[in-house]
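Undergrad: Structure incoming, see below.
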2 protein chains.
Amino acid sequence: MASSYSNYTNSPCAACKFLRRRCTSDCVFAPYFPPEEPTKFANVHRIFGASNVSKILHEVAPHQREDTVNSLAYEAEARLKDPVYGCVGAISVLQRQVLKLQRELEETNADIMRYASSLGSETTSTYGRHRS
Amino acid sequence: MASSYSNYTNSPCAACKFLRRRCTSDCVFAPYFPPEEPTKFANVHRIFGASNVSKILHEVAPHQREDTVNSLAYEAEARLKDPVYGCVGAISVLQRQVLKLQRELEETNADIMRYASSLGSETTSTYGRHRS
C-alpha cells in the first residue's frame with residue numbers, strides 16, 4: 001500500500017533491495033513495493049522487467065500508481081503460474097461462463113414465457129426478465 | 001502464425017527487424033512474429049521486453065509457443081490501451097458481469113419457484129434451473 005512507505009524509510013524498498021541499489025526518497029517503487037513483500041517485486045521484475053515497470057509508473061498519474069502496480073503484480077503472478085496463457089486464461093474462462101449464464105438465463109426466461117402463456121398472457125409482464 | 005515463417009525466410013522476422021539483428025534459422029521469434037505484423041512485436045517488446053519474451057518462449061513447449069505469443073500480444077495491447085489496469089480491467093468487468101447474471105438467474109429461478117408453488121408443487125421440477 002502507498003501508505004507503507006513512511007513506515008520503512010530506513011529500509012530499502014523491495015525493489016531497491018532486489019536490484020541492490022540505494023533507495024532514495026524519490027524512489028518510484030518504494031511506495032508500492034514495501035520490503036516485507038519481496039515476492040511482489042520479484043514477480044513483476046521477472047515478467048515485465050524493472051525498467052518497463054518504472055516506465056509504466058511514470059506514464060500514469062501518481063494516484064493511479066497503486067492500482068497499476070497491483071494489476072501488474074496480478075498479471076505477473078498469473079503468467080508465472082500459467083506461462084502459456086497468463087491471465088488471458090482467466091479471461092477465456094470468464095467469457096465462457098458469461099456465455100453459459102446468458103444461455104441459461106435465456107432458456108429460463110423462455111420457460112417462464114411458455115409457462116405464463118399457458119396460463120394467459122396477462123401474467124407474462126410480471127415474470128419475464130431481460131438478459132444483460 | 002507458426003506456418004508463416006517458411007514464407008519469409010528471406011526477410012528478417014519482425015522481432016529481428018525491430019532489434020536490428022540478423023534473423024537466423026533458429027530464431028525463437030521468427031515463427032510467431034512475421035515481418036508483415038511489426039506492431040505485434042513492438043507491443044510485446046514495449047511491455048515485456050524482448051529478453052523476457054524469449055525467456056518465456058524457451059520455458060514452454062514448442063507446440064505451446066504460438067498460444068503463448070498470442071496471449072502476450074493480447075496482454076501487451078491491453079496494457080498499452082489501459083496502462084493502469086491492462087487486461088486485469090477486462091477480468092473485473094467479466095467478474096461483475098458473471099455476478100450480475102448469477103443474481104439474475106437466481107431471481108428468475110425464484111420467480112419460477114414462486115410461480116410453480118402457486119400452481120401446485122408437481123410442476124416445480126420441470127421449470128427450476130440451477131445456476132452454474
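Each chain of the C-alpha cells is named A, B, ... in the order shown, its residues numbered from 1; ligands are numbered from 1 in display order.
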Any chance you could dump chain B, least-squares fitted to chain A on all C-alpha atoms in order, as a short mmCIF file (atom, residue, chain, number, x, y, z; two decimals) with N, CA and C atoms, in the first residue's frame?

TA:
data_model
loop_
_atom_site.label_atom_id
_atom_site.label_comp_id
_atom_site.auth_asym_id
_atom_site.auth_seq_id
_atom_site.Cartn_x
_atom_site.Cartn_y
_atom_site.Cartn_z
N MET B 1 0.98 -1.23 0.02
CA MET B 1 0.13 -0.04 0.04
C MET B 1 0.99 1.22 0.05
N ALA B 2 0.47 2.28 -0.52
CA ALA B 2 1.23 3.51 -0.64
C ALA B 2 1.66 4.01 0.73
N SER B 3 0.79 3.82 1.75
CA SER B 3 1.09 4.36 3.06
C SER B 3 2.23 3.64 3.76
N SER B 4 2.59 2.46 3.26
CA SER B 4 3.63 1.68 3.93
C SER B 4 4.99 2.36 3.87
N TYR B 5 5.19 3.20 2.84
CA TYR B 5 6.52 3.74 2.62
C TYR B 5 7.07 4.46 3.85
N SER B 6 6.18 5.31 4.46
CA SER B 6 6.64 6.12 5.58
C SER B 6 7.16 5.25 6.73
N ASN B 7 6.67 4.00 6.81
CA ASN B 7 7.11 3.12 7.88
C ASN B 7 8.50 2.52 7.62
N TYR B 8 8.96 2.64 6.42
CA TYR B 8 10.17 1.89 6.05
C TYR B 8 11.25 2.76 5.43
N THR B 9 11.25 4.04 5.80
CA THR B 9 12.24 4.92 5.19
C THR B 9 13.66 4.50 5.50
N ASN B 10 13.86 3.73 6.56
CA ASN B 10 15.23 3.32 6.89
C ASN B 10 15.67 2.06 6.14
N SER B 11 14.69 1.29 5.66
CA SER B 11 15.02 0.09 4.89
C SER B 11 14.86 0.40 3.42
N PRO B 12 15.69 -0.18 2.57
CA PRO B 12 15.42 -0.01 1.14
C PRO B 12 14.13 -0.74 0.79
N CYS B 13 13.40 -0.24 -0.22
CA CYS B 13 12.18 -0.93 -0.64
C CYS B 13 12.56 -2.27 -1.27
N ALA B 14 11.55 -3.11 -1.50
CA ALA B 14 11.80 -4.46 -2.04
C ALA B 14 12.48 -4.38 -3.40
N ALA B 15 12.13 -3.35 -4.20
CA ALA B 15 12.71 -3.22 -5.54
C ALA B 15 14.20 -2.88 -5.44
N CYS B 16 14.53 -1.89 -4.62
CA CYS B 16 15.94 -1.48 -4.51
C CYS B 16 16.78 -2.58 -3.87
N LYS B 17 16.18 -3.30 -2.93
CA LYS B 17 16.88 -4.42 -2.29
C LYS B 17 17.18 -5.49 -3.36
N PHE B 18 16.17 -5.78 -4.18
CA PHE B 18 16.31 -6.79 -5.24
C PHE B 18 17.36 -6.35 -6.26
N LEU B 19 17.31 -5.06 -6.60
CA LEU B 19 18.22 -4.53 -7.64
C LEU B 19 19.58 -4.10 -7.06
N ARG B 20 19.72 -4.25 -5.74
CA ARG B 20 20.95 -3.89 -5.02
C ARG B 20 21.39 -2.46 -5.32
N ARG B 21 20.44 -1.55 -5.14
CA ARG B 21 20.79 -0.15 -5.34
C ARG B 21 20.27 0.67 -4.16
N ARG B 22 20.77 1.90 -4.04
CA ARG B 22 20.36 2.76 -2.93
C ARG B 22 18.92 3.21 -3.14
N CYS B 23 18.11 3.14 -2.07
CA CYS B 23 16.71 3.54 -2.19
C CYS B 23 16.61 5.00 -1.74
N THR B 24 16.39 5.89 -2.70
CA THR B 24 16.33 7.32 -2.39
C THR B 24 14.91 7.74 -2.05
N SER B 25 14.76 8.95 -1.54
CA SER B 25 13.44 9.42 -1.12
C SER B 25 12.48 9.58 -2.30
N ASP B 26 13.03 9.72 -3.53
CA ASP B 26 12.14 9.87 -4.69
C ASP B 26 12.02 8.57 -5.49
N CYS B 27 12.36 7.44 -4.86
CA CYS B 27 12.27 6.14 -5.54
C CYS B 27 10.82 5.89 -5.97
N VAL B 28 10.63 5.62 -7.27
CA VAL B 28 9.27 5.44 -7.81
C VAL B 28 8.65 4.12 -7.33
N PHE B 29 9.49 3.16 -6.95
CA PHE B 29 8.99 1.86 -6.52
C PHE B 29 8.59 1.83 -5.04
N ALA B 30 9.33 2.58 -4.21
CA ALA B 30 9.23 2.44 -2.75
C ALA B 30 7.80 2.46 -2.19
N PRO B 31 6.92 3.39 -2.64
CA PRO B 31 5.58 3.40 -2.01
C PRO B 31 4.77 2.13 -2.28
N TYR B 32 5.14 1.37 -3.31
CA TYR B 32 4.29 0.25 -3.73
C TYR B 32 4.96 -1.11 -3.53
N PHE B 33 6.24 -1.09 -3.22
CA PHE B 33 6.94 -2.36 -3.00
C PHE B 33 7.66 -2.33 -1.65
N PRO B 34 6.87 -2.48 -0.56
CA PRO B 34 7.50 -2.45 0.77
C PRO B 34 8.42 -3.65 0.97
N PRO B 35 9.45 -3.48 1.81
CA PRO B 35 10.45 -4.55 1.96
C PRO B 35 9.88 -5.87 2.47
N GLU B 36 8.72 -5.82 3.16
CA GLU B 36 8.18 -7.08 3.68
C GLU B 36 7.42 -7.88 2.63
N GLU B 37 7.35 -7.35 1.39
CA GLU B 37 6.70 -8.12 0.31
C GLU B 37 7.68 -8.33 -0.84
N PRO B 38 8.76 -9.05 -0.62
CA PRO B 38 9.79 -9.17 -1.67
C PRO B 38 9.30 -9.87 -2.94
N THR B 39 8.35 -10.82 -2.79
CA THR B 39 7.90 -11.60 -3.95
C THR B 39 7.16 -10.73 -4.97
N LYS B 40 6.44 -9.74 -4.47
CA LYS B 40 5.67 -8.86 -5.36
C LYS B 40 6.59 -8.23 -6.41
N PHE B 41 7.72 -7.68 -5.95
CA PHE B 41 8.63 -7.06 -6.93
C PHE B 41 9.34 -8.13 -7.76
N ALA B 42 9.76 -9.21 -7.12
CA ALA B 42 10.47 -10.27 -7.87
C ALA B 42 9.61 -10.76 -9.03
N ASN B 43 8.30 -10.91 -8.79
CA ASN B 43 7.39 -11.37 -9.86
C ASN B 43 7.28 -10.37 -11.01
N VAL B 44 7.00 -9.11 -10.68
CA VAL B 44 6.85 -8.14 -11.78
C VAL B 44 8.17 -7.93 -12.51
N HIS B 45 9.28 -8.02 -11.76
CA HIS B 45 10.59 -7.89 -12.40
C HIS B 45 10.83 -9.03 -13.39
N ARG B 46 10.44 -10.23 -12.98
CA ARG B 46 10.68 -11.40 -13.83
C ARG B 46 9.85 -11.36 -15.11
N ILE B 47 8.63 -10.85 -15.03
CA ILE B 47 7.75 -10.86 -16.20
C ILE B 47 7.88 -9.58 -17.03
N PHE B 48 7.92 -8.43 -16.38
CA PHE B 48 7.93 -7.17 -17.12
C PHE B 48 9.31 -6.51 -17.19
N GLY B 49 10.15 -6.78 -16.20
CA GLY B 49 11.43 -6.09 -16.12
C GLY B 49 11.27 -4.78 -15.36
N ALA B 50 12.28 -4.46 -14.55
CA ALA B 50 12.20 -3.27 -13.70
C ALA B 50 12.04 -1.98 -14.51
N SER B 51 12.74 -1.89 -15.64
CA SER B 51 12.69 -0.62 -16.39
C SER B 51 11.32 -0.43 -17.04
N ASN B 52 10.68 -1.53 -17.48
CA ASN B 52 9.33 -1.39 -18.04
C ASN B 52 8.32 -0.99 -16.97
N VAL B 53 8.47 -1.56 -15.77
CA VAL B 53 7.55 -1.19 -14.68
C VAL B 53 7.74 0.28 -14.33
N SER B 54 8.99 0.70 -14.24
CA SER B 54 9.27 2.11 -13.94
C SER B 54 8.69 3.02 -15.02
N LYS B 55 8.84 2.61 -16.29
CA LYS B 55 8.30 3.41 -17.40
C LYS B 55 6.78 3.54 -17.28
N ILE B 56 6.12 2.40 -17.02
CA ILE B 56 4.64 2.42 -16.90
C ILE B 56 4.23 3.32 -15.73
N LEU B 57 4.95 3.21 -14.59
CA LEU B 57 4.59 4.03 -13.42
C LEU B 57 4.74 5.52 -13.70
N HIS B 58 5.76 5.87 -14.49
CA HIS B 58 5.94 7.28 -14.83
C HIS B 58 4.89 7.78 -15.82
N GLU B 59 4.26 6.84 -16.55
CA GLU B 59 3.25 7.24 -17.53
C GLU B 59 1.88 7.51 -16.89
N VAL B 60 1.65 6.96 -15.70
CA VAL B 60 0.33 7.15 -15.08
C VAL B 60 0.41 8.19 -13.96
N ALA B 61 -0.75 8.74 -13.60
CA ALA B 61 -0.81 9.75 -12.54
C ALA B 61 -0.46 9.12 -11.20
N PRO B 62 0.19 9.88 -10.29
CA PRO B 62 0.58 9.31 -9.00
C PRO B 62 -0.56 8.59 -8.26
N HIS B 63 -1.79 9.14 -8.33
CA HIS B 63 -2.89 8.50 -7.58
C HIS B 63 -3.33 7.18 -8.23
N GLN B 64 -2.83 6.89 -9.43
CA GLN B 64 -3.20 5.63 -10.09
C GLN B 64 -2.10 4.57 -9.99
N ARG B 65 -0.99 4.95 -9.37
CA ARG B 65 0.16 4.03 -9.36
C ARG B 65 -0.06 2.79 -8.52
N GLU B 66 -0.79 2.93 -7.42
CA GLU B 66 -1.02 1.75 -6.58
C GLU B 66 -1.85 0.70 -7.35
N ASP B 67 -2.92 1.16 -8.01
CA ASP B 67 -3.74 0.24 -8.82
C ASP B 67 -2.90 -0.37 -9.94
N THR B 68 -2.04 0.47 -10.54
CA THR B 68 -1.19 -0.01 -11.64
C THR B 68 -0.27 -1.14 -11.15
N VAL B 69 0.40 -0.90 -10.02
CA VAL B 69 1.31 -1.92 -9.48
C VAL B 69 0.54 -3.19 -9.13
N ASN B 70 -0.63 -3.02 -8.54
CA ASN B 70 -1.40 -4.22 -8.15
C ASN B 70 -1.86 -5.02 -9.37
N SER B 71 -2.24 -4.33 -10.45
CA SER B 71 -2.66 -5.08 -11.63
C SER B 71 -1.45 -5.73 -12.32
N LEU B 72 -0.29 -5.05 -12.29
CA LEU B 72 0.92 -5.67 -12.85
C LEU B 72 1.31 -6.90 -12.03
N ALA B 73 1.20 -6.79 -10.70
CA ALA B 73 1.55 -7.92 -9.82
C ALA B 73 0.61 -9.10 -10.07
N TYR B 74 -0.67 -8.78 -10.29
CA TYR B 74 -1.67 -9.83 -10.57
C TYR B 74 -1.33 -10.53 -11.89
N GLU B 75 -1.03 -9.73 -12.91
CA GLU B 75 -0.68 -10.30 -14.22
C GLU B 75 0.58 -11.14 -14.14
N ALA B 76 1.58 -10.61 -13.42
CA ALA B 76 2.86 -11.34 -13.31
C ALA B 76 2.66 -12.68 -12.62
N GLU B 77 1.89 -12.67 -11.54
CA GLU B 77 1.65 -13.92 -10.80
C GLU B 77 0.91 -14.93 -11.69
N ALA B 78 -0.08 -14.43 -12.44
CA ALA B 78 -0.84 -15.31 -13.32
C ALA B 78 0.06 -15.90 -14.40
N ARG B 79 0.99 -15.10 -14.93
CA ARG B 79 1.89 -15.59 -15.98
C ARG B 79 2.88 -16.60 -15.42
N LEU B 80 3.31 -16.40 -14.18
CA LEU B 80 4.24 -17.37 -13.57
C LEU B 80 3.54 -18.70 -13.30
N LYS B 81 2.25 -18.62 -12.92
CA LYS B 81 1.49 -19.85 -12.67
C LYS B 81 1.15 -20.56 -13.97
N ASP B 82 0.85 -19.77 -15.01
CA ASP B 82 0.44 -20.33 -16.30
C ASP B 82 1.19 -19.59 -17.41
N PRO B 83 2.42 -20.07 -17.73
CA PRO B 83 3.26 -19.35 -18.70
C PRO B 83 2.63 -19.25 -20.10
N VAL B 84 1.70 -20.14 -20.42
CA VAL B 84 1.11 -20.12 -21.76
C VAL B 84 0.00 -19.07 -21.88
N TYR B 85 -0.91 -19.05 -20.94
CA TYR B 85 -2.06 -18.16 -21.06
C TYR B 85 -2.07 -16.98 -20.08
N GLY B 86 -1.31 -17.06 -18.99
CA GLY B 86 -1.31 -15.99 -18.00
C GLY B 86 -2.72 -15.63 -17.61
N CYS B 87 -3.00 -14.35 -17.39
CA CYS B 87 -4.36 -14.00 -16.95
C CYS B 87 -5.34 -13.96 -18.12
N VAL B 88 -4.86 -14.15 -19.35
CA VAL B 88 -5.78 -14.27 -20.49
C VAL B 88 -6.58 -15.58 -20.35
N GLY B 89 -6.00 -16.57 -19.66
CA GLY B 89 -6.72 -17.81 -19.38
C GLY B 89 -7.95 -17.54 -18.53
N ALA B 90 -7.79 -16.65 -17.52
CA ALA B 90 -8.93 -16.30 -16.66
C ALA B 90 -10.01 -15.58 -17.47
N ILE B 91 -9.58 -14.75 -18.43
CA ILE B 91 -10.55 -14.03 -19.28
C ILE B 91 -11.37 -15.04 -20.09
N SER B 92 -10.69 -16.05 -20.67
CA SER B 92 -11.41 -17.06 -21.46
C SER B 92 -12.42 -17.82 -20.61
N VAL B 93 -11.99 -18.21 -19.40
CA VAL B 93 -12.89 -18.95 -18.50
C VAL B 93 -14.12 -18.09 -18.18
N LEU B 94 -13.88 -16.80 -17.85
CA LEU B 94 -14.99 -15.91 -17.49
C LEU B 94 -15.91 -15.66 -18.69
N GLN B 95 -15.32 -15.52 -19.89
CA GLN B 95 -16.15 -15.30 -21.08
C GLN B 95 -17.06 -16.49 -21.34
N ARG B 96 -16.50 -17.70 -21.15
CA ARG B 96 -17.33 -18.90 -21.34
C ARG B 96 -18.43 -18.97 -20.28
N GLN B 97 -18.09 -18.56 -19.04
CA GLN B 97 -19.07 -18.58 -17.96
C GLN B 97 -20.21 -17.59 -18.26
N VAL B 98 -19.85 -16.41 -18.78
CA VAL B 98 -20.86 -15.39 -19.12
C VAL B 98 -21.80 -15.95 -20.20
N LEU B 99 -21.21 -16.56 -21.25
CA LEU B 99 -22.04 -17.10 -22.33
C LEU B 99 -22.99 -18.18 -21.82
N LYS B 100 -22.45 -19.05 -20.93
CA LYS B 100 -23.27 -20.13 -20.37
C LYS B 100 -24.42 -19.56 -19.54
N LEU B 101 -24.12 -18.56 -18.71
CA LEU B 101 -25.16 -17.96 -17.88
C LEU B 101 -26.20 -17.23 -18.72
N GLN B 102 -25.73 -16.54 -19.79
CA GLN B 102 -26.68 -15.84 -20.66
C GLN B 102 -27.63 -16.83 -21.33
N ARG B 103 -27.05 -17.97 -21.78
CA ARG B 103 -27.87 -19.00 -22.42
C ARG B 103 -28.88 -19.57 -21.42
N GLU B 104 -28.40 -19.82 -20.21
CA GLU B 104 -29.27 -20.37 -19.16
C GLU B 104 -30.41 -19.41 -18.82
N LEU B 105 -30.05 -18.12 -18.75
CA LEU B 105 -31.06 -17.10 -18.43
C LEU B 105 -32.09 -17.00 -19.56
N GLU B 106 -31.58 -17.08 -20.81
CA GLU B 106 -32.49 -17.04 -21.96
C GLU B 106 -33.46 -18.21 -21.92
N GLU B 107 -32.92 -19.40 -21.62
CA GLU B 107 -33.76 -20.59 -21.57
C GLU B 107 -34.78 -20.48 -20.43
N THR B 108 -34.32 -19.96 -19.29
CA THR B 108 -35.22 -19.81 -18.15
C THR B 108 -36.33 -18.82 -18.47
N ASN B 109 -35.94 -17.71 -19.15
CA ASN B 109 -36.96 -16.73 -19.53
C ASN B 109 -37.94 -17.34 -20.53
N ALA B 110 -37.40 -18.17 -21.45
CA ALA B 110 -38.27 -18.83 -22.42
C ALA B 110 -39.25 -19.77 -21.70
N ASP B 111 -38.73 -20.46 -20.65
CA ASP B 111 -39.60 -21.33 -19.84
C ASP B 111 -40.74 -20.51 -19.24
N ILE B 112 -40.36 -19.36 -18.67
CA ILE B 112 -41.36 -18.51 -18.02
C ILE B 112 -42.41 -18.06 -19.03
N MET B 113 -41.92 -17.68 -20.22
CA MET B 113 -42.85 -17.21 -21.25
C MET B 113 -43.83 -18.33 -21.64
N ARG B 114 -43.26 -19.53 -21.81
CA ARG B 114 -44.12 -20.66 -22.18
C ARG B 114 -45.13 -20.95 -21.06
N TYR B 115 -44.58 -20.93 -19.86
CA TYR B 115 -45.37 -21.16 -18.66
C TYR B 115 -46.53 -20.15 -18.60
N ALA B 116 -46.14 -18.88 -18.75
CA ALA B 116 -47.13 -17.81 -18.63
C ALA B 116 -48.16 -17.88 -19.76
N SER B 117 -47.65 -18.15 -21.00
CA SER B 117 -48.60 -18.14 -22.12
C SER B 117 -49.61 -19.28 -22.02
N SER B 118 -49.17 -20.36 -21.34
CA SER B 118 -50.10 -21.47 -21.17
C SER B 118 -51.19 -21.11 -20.15
N LEU B 119 -50.90 -20.09 -19.34
CA LEU B 119 -51.88 -19.68 -18.32
C LEU B 119 -52.67 -18.44 -18.72
N GLY B 120 -52.16 -17.77 -19.78
CA GLY B 120 -52.83 -16.54 -20.21
C GLY B 120 -51.84 -15.41 -20.27
N SER B 121 -51.92 -14.60 -21.32
CA SER B 121 -50.89 -13.59 -21.58
C SER B 121 -50.81 -12.50 -20.52
N GLU B 122 -51.81 -12.33 -19.71
CA GLU B 122 -51.79 -11.22 -18.75
C GLU B 122 -50.72 -11.37 -17.66
N THR B 123 -50.20 -12.60 -17.46
CA THR B 123 -49.19 -12.80 -16.41
C THR B 123 -47.76 -12.63 -16.92
N THR B 124 -47.56 -12.60 -18.24
CA THR B 124 -46.23 -12.59 -18.84
C THR B 124 -45.37 -11.43 -18.33
N SER B 125 -45.95 -10.22 -18.29
CA SER B 125 -45.14 -9.05 -17.97
C SER B 125 -44.58 -9.12 -16.55
N THR B 126 -45.21 -9.84 -15.68
CA THR B 126 -44.74 -9.91 -14.30
C THR B 126 -43.47 -10.75 -14.17
N TYR B 127 -43.35 -11.78 -15.02
CA TYR B 127 -42.30 -12.76 -14.77
C TYR B 127 -41.10 -12.72 -15.71
N GLY B 128 -41.25 -12.22 -16.92
CA GLY B 128 -40.13 -12.25 -17.86
C GLY B 128 -39.02 -11.29 -17.46
N ARG B 129 -37.77 -11.77 -17.32
CA ARG B 129 -36.62 -10.89 -17.06
C ARG B 129 -35.76 -10.81 -18.30
N HIS B 130 -35.08 -9.66 -18.48
CA HIS B 130 -34.25 -9.50 -19.66
C HIS B 130 -32.81 -9.83 -19.32
N ARG B 131 -32.14 -10.49 -20.23
CA ARG B 131 -30.72 -10.75 -19.99
C ARG B 131 -29.95 -9.46 -20.20
N SER B 132 -28.80 -9.33 -19.49
CA SER B 132 -28.00 -8.10 -19.64
C SER B 132 -26.89 -8.34 -20.64
#

Undergrad: Could you pull out the helix (DSSP H, G or I) residues of chain B from DSSP and send them as a ChimeraX atom specification?

TA: /B:2-8,14-19,38-47,50-59,62-81,88-119,121-127
